[in-house]
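Undergrad: Would you mind keeping the following structure in view while I ask a few things?
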There are 2 protein chains.
Amino acid sequence: MMREVYVADISSIREAQVRIQPFIHKTPVLSSESLNAVSGRQLFFKCEGFQKGGAFKFRGACNAVFSLDNDHAAKGVVTHSSGNHAAALSLAAKLRGIPAYIVIPKSAPKCKVANVIRYGGQVIWSEATMQSRESVASKVLQETGAVLVHPYNDGRIVSGQGTITLEILEQAPEIDTLIVPISGGGLISGVALAAKSINPAIRVFAAEPKGANDAAQSKAAGRIITLPKTNTIADGLRAHLGDLTWPIVRDLVDDIITVDDEEIIEAMKLCYEILKVVVEPSGAIGLAAVLSDSFKKNPAWKNCSNIGIILSGGNVDLASLWDSFRK
Amino acid sequence: MMREVYVADISSIREAQVRIQPFIHKTPVLSSESLNAVSGRQLFFKCEGFQKGGAFKFRGACNAVFSLDNDHAAKGVVTHSSGNHAAALSLAAKLRGIPAYIVIPKSAPKCKVANVIRYGGQVIWSEATMQSRESVASKVLQETGAVLVHPYNDGRIVSGQGTITLEILEQAPEIDTLIVPISGGGLISGVALAAKSINPAIRVFAAEPKGANDAAQSKAAGRIITLPKTNTIADGLRAHLGDLTWPIVRDLVDDIITVDDEEIIEAMKLCYEILKVVVEPSGAIGLAAVLSDSFKKNPAWKNCSNIGIILSGGNVDLASLWDSFRK
């Protein structure tokens, strides 16, 4: 029998942990009896919004930047993410003392652009289309000789994100289920590879917005599905799976729970009002999934007792946050 | 030479720690290089908003409730706090299986009333005046035989709050300075007693709103000063010192830093946007103090390198929060 070789594995994840440990925050795991009561489960919230850069993305970016040999590193790194990966890559590059060229569409949320600038990234503007972003990025690549660091379709990124599993299972060894936001699949691929390798009985569920449910459709179809357009408040979850993350999602993710924007907003409110943690919509989707009817109808639900929820990030414009709460 | 005997000491604080440990959260200490850069100091944020009930108050309440012998406990506890102490006492009483009677003025913030109800407290309404609150409370005392647990002027409360110092000095032993919100003085008394006992060289500063600066005035006058009225967004910091907390504040608190509401709101924004932690105005005042010009003019400032800031609570109505950010 052939064994599928993925872009990362438990060894590369453990190596990443050693590599990034001097630079990252070991984020705390919070719990709330009020939220346990609401969900009927023991919940463990891994607060990656407290990570440097305000999101889990710093783990992967840091692993990628510090994996480079000196010659490649000297020329810097490039990405065309508009979101948390951009800030994370800027910060990792700054720590290594190399340039980070960040291609950002003019439509990106202000707070995310501000983060890139705060962390010393060089902003290069593009139009909002993926075509414009990619063409601007490849121009930068040619001019600088810098290394492209894709936000998720990259083994170094997947390995870095997987370090979350190593931490959370040490902090809360009773966890039997992990709920992870899914977008391009970098986070959940790393988390699932580590979890299934440490204990194959741990269930790994993805949480995805109904208005950007390409991963759920991909799982159903058995191949990568991309959507012509997406419609969700969770601006961090609009990407589609990559060819390197898809096989891991296909094989190791138990199921995908989809939720609508109302459920996401309700979960955000609970994070603010009960956990006292600032989360962005993408960050709250794991709690939304746990509280959703879709999950309660899932055959695995009755066996999920101790659930680890990755609160993936907290970069949100307070103004737009409030507008979403008002609706 | 006579040695002043205070209402609590390092022994009662250590006893409190053992007593409440099974019930409280050991709250994490967060740090942020961005905020270190802004302040020019290493900052350590003790996140008591993640405590049960959303504030440090649960430590003292829990110590008070679990100090009672069975006969007294059976009749329940009473308080006329309108704020976090009320929720904390309700929760502690619920954990011990005894009633909590909470006298609340009709003007109290909704989220705080909701917390009391969520934690099983029995709400008894009064008018907003202290006179009405006290007369309603004493009526309840007579009718029920319950034990009055004052929000701060009580050794059991002071001892419970002091456990914060034991934790934070274990989590960040390099701390040389602690910044603590001051209102009735329960929190800072416990924190200062423990800190000065463990290491007399640790500086303890109070942070107080300019619009409710009775503690600063008291320190200057050498006696308890009460204000005819207060005017600050920090609704948790409007009380005045008690006869049991005043001697500790007088003798052990190095200085009091006063800040205005604008500085408090700016600090709250930083907590939301950079730390990703939900704080109430009273909770953010320690950061406001560290960033204030008043502190930078303080003779001790140059020696404060590693500063522990108590983010005391996170119970805030999202609606009124947003209104304050808009101003």
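By order of appearance in the structure tokens: chains A, B, ..., then residues from 1 within every chain, and ligands from 1 in the order shown.
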Set the cut-off to 6 Å and count only C-alpha atoms: what are the residues of chain A that reach chain B? Output as a list in words.

TA: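 Per the criterion, chain A yields Lys276, Val277 and Val278 of chain A.
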
Undergrad: So that I have them on file, write out the residues from the current selection with N, CA, C and O atoms, as a PDB file, in the first residue's frame.

TA:
ATOM      1  N   LYS A 276     -13.676  37.570  27.592  1.00  0.00           N
ATOM      2  CA  LYS A 276     -12.919  38.843  27.647  1.00  0.00           C
ATOM      3  C   LYS A 276     -11.730  38.825  26.688  1.00  0.00           C
ATOM      4  O   LYS A 276     -10.664  39.386  26.968  1.00  0.00           O
ATOM      5  N   VAL A 277     -11.920  38.147  25.579  1.00  0.00           N
ATOM      6  CA  VAL A 277     -10.859  38.048  24.584  1.00  0.00           C
ATOM      7  C   VAL A 277     -11.329  38.717  23.300  1.00  0.00           C
ATOM      8  O   VAL A 277     -12.445  38.463  22.831  1.00  0.00           O
ATOM      9  N   VAL A 278     -10.475  39.583  22.741  1.00  0.00           N
ATOM     10  CA  VAL A 278     -10.778  40.225  21.465  1.00  0.00           C
ATOM     11  C   VAL A 278     -10.470  39.229  20.347  1.00  0.00           C
ATOM     12  O   VAL A 278      -9.343  38.736  20.246  1.00  0.00           O
TER      13      VAL A 278
END

Undergrad: Please, which residues of region 183-321 of chain B, numbered as in this document, come out strand (DSSP E or B) from DSSP, as a VMD selection string?

TA: chain B and resid 203 to 209 255 to 259 277 306 to 311 313

Undergrad: Provide the CA of Lys296 (chain B) to CA of Ser39 (chain B) distance in Å, to one decimal place.

TA: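 Spanning CA of Lys296 (chain B) to CA of Ser39 (chain B) is a straight-line distance of 9.8 Å.
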
Undergrad: Which polymer residues have any atom within 8 Å of an atom of Leu237 (chain B), counting only C-alpha atoms, with same-chain residues fewer than 2 positions away left out, as a list in words?

TA: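 In the requested form, the answer reads Pro181, Ile182, Ser183, Gly184, Glu208, Pro209, Ala212, Ala234, Asp235, Ala239 and Ser282 of chain B.
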
Undergrad: So that I have them on file, write out the residues from the current selection with N, CA and C atoms, as a short mmCIF file (atom, residue, chain, number, x, y, z; two decimals), in the first residue's frame.

TA:
data_model
loop_
_atom_site.label_atom_id
_atom_site.label_comp_id
_atom_site.auth_asym_id
_atom_site.auth_seq_id
_atom_site.Cartn_x
_atom_site.Cartn_y
_atom_site.Cartn_z
N PRO B 181 -4.86 49.49 40.24
CA PRO B 181 -5.96 50.46 40.39
C PRO B 181 -6.34 50.62 41.86
N ILE B 182 -6.74 51.83 42.22
CA ILE B 182 -7.17 52.05 43.60
C ILE B 182 -8.57 52.63 43.63
N SER B 183 -9.38 52.07 44.52
CA SER B 183 -10.73 52.59 44.75
C SER B 183 -10.95 52.55 46.25
N GLY B 184 -11.52 51.47 46.77
CA GLY B 184 -11.65 51.34 48.21
C GLY B 184 -10.37 50.85 48.88
N GLU B 208 -5.16 56.04 39.81
CA GLU B 208 -6.47 56.57 40.24
C GLU B 208 -6.96 57.62 39.23
N PRO B 209 -8.27 57.66 38.97
CA PRO B 209 -8.80 58.67 38.06
C PRO B 209 -8.73 60.06 38.71
N ALA B 212 -11.78 61.12 40.59
CA ALA B 212 -12.15 60.41 41.84
C ALA B 212 -10.86 60.20 42.63
N ALA B 234 -14.40 55.50 34.87
CA ALA B 234 -14.02 54.26 35.55
C ALA B 234 -14.98 53.99 36.70
N ASP B 235 -16.12 53.38 36.37
CA ASP B 235 -17.20 53.24 37.36
C ASP B 235 -16.80 52.34 38.53
N ALA B 239 -15.28 54.39 44.80
CA ALA B 239 -15.38 54.24 46.26
C ALA B 239 -14.24 54.99 46.95
N SER B 282 -11.86 50.81 34.51
CA SER B 282 -11.08 50.62 35.74
C SER B 282 -9.94 49.65 35.52
#

Undergrad: Find, counting only C-alpha atoms, the residue in B:Ala207, B:Val38, B:Val7, B:Ala172 that gets nearest to Leu291 (chain B).

TA: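 Ranking B:Ala207, B:Val38, B:Val7, B:Ala172 by distance to Leu291 (chain B), first place goes to B:Val38.
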
Undergrad: Set the distance at 9 Å and use only C-alpha atoms: which residues neighbour Lys94 (chain B) once local chain neighbours fewer than 5 positions away are removed? I'd like the list as a list in words.

TA: Leu89, Pro99, Ala100, Tyr119, Gly120 and Gly121 of chain B

Undergrad: What is the CA of His150 (chain A)-CA of Ser132 (chain A) distance in Å, reported with one decimal?

TA: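 Rounded to one decimal, the two atoms are 15.9 Å apart.
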
Undergrad: Any idea what's packed within 6 Å of Ser126 (chain A), counting only C-alpha atoms, ignoring anything in its chain fewer than 5 positions away? Could you give it as a list of chain:residue names?

TA: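 Listed by chain and then number, they are A:Ile104, A:Pro105, A:Ser132, A:Arg133.
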
Undergrad: Based on the backbone DSSP call, show me all residues of region 166-291 of chain B assigned alpha helix (DSSP H), as a VMD selection string.

TA: chain B and resid 166 to 171 186 to 198 214 to 221 246 to 252 261 to 270 281 to 291

Undergrad: Smallest atom-to-atom distance to Ala300 (chain B): which of B:Ala192, B:Ile225, B:Ile256, B:Ile117, using only C-alpha atoms?

TA: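 Ranked by minimum distance to Ala300 (chain B), first place goes to B:Ile256.
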
Undergrad: What gap, in Å, lies between CA of Ile102 (chain B) and CA of Lys57 (chain B)?

TA: 14.6 Å

Undergrad: From the set A:Pro200, A:Gly308, A:Gly60, A:Pro109, which residue has the shortest atom-to-atom contact distance to Ala92 (chain A), counting only C-alpha atoms?

TA: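 Counting only C-alpha atoms, the residue closest to Ala92 (chain A) is A:Gly60.
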
Undergrad: Counting only C-alpha atoms, figure out which residue out of A:Lys75, A:His80, A:Lys112, A:Arg96 gets nearest to Trp125 (chain A).

TA: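 Once distances to Trp125 (chain A) are computed over only C-alpha atoms, the minimum belongs to A:His80.
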
Undergrad: What's the 8 Å shell around region 244-251 of chain A, counting only C-alpha atoms, without same-chain residues fewer than 2 positions away, as JSON, numbers by chain?

TA: {"A": [6, 7, 152, 153, 154, 155, 184, 185, 186, 188, 189, 192, 193, 219, 222, 224, 241, 242, 253]}

Undergrad: I'd like to know which of B:Lys297, B:Arg41, B:Lys106, B:Arg59 is closest to Leu187 (chain B), using only C-alpha atoms.

TA: B:Arg59

Undergrad: Restricting the calculation to only C-alpha atoms: of B:Ala284, B:Ala137, B:Ala88, B:Ile168, which residue gets closest to Cys62 (chain B)?

TA: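 The closest residue to Cys62 (chain B) is B:Ala88.
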
Undergrad: Do you know which residues are at most 7 Å from Ala8 (chain B) counting only C-alpha atoms, after dropping those on the same chain fewer than 3 positions away, and could you put them as a short mmCIF file (atom, residue, chain, number, x, y, z; two decimals) with N, CA and C atoms, in the first residue's frame?

TA:
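Everything below was put into result11.cif:
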data_model
loop_
_atom_site.label_atom_id
_atom_site.label_comp_id
_atom_site.auth_asym_id
_atom_site.auth_seq_id
_atom_site.Cartn_x
_atom_site.Cartn_y
_atom_site.Cartn_z
N SER B 12 -1.82 35.40 56.14
CA SER B 12 -3.24 35.27 55.78
C SER B 12 -3.39 35.24 54.25
N GLY B 155 -10.60 42.03 56.13
CA GLY B 155 -9.32 41.32 56.03
C GLY B 155 -9.35 40.10 55.12
N VAL B 158 -9.07 41.51 51.61
CA VAL B 158 -7.70 41.98 51.34
C VAL B 158 -6.76 40.78 51.13
N SER B 159 -6.89 39.77 51.97
CA SER B 159 -6.02 38.59 51.84
C SER B 159 -6.23 37.88 50.51
#
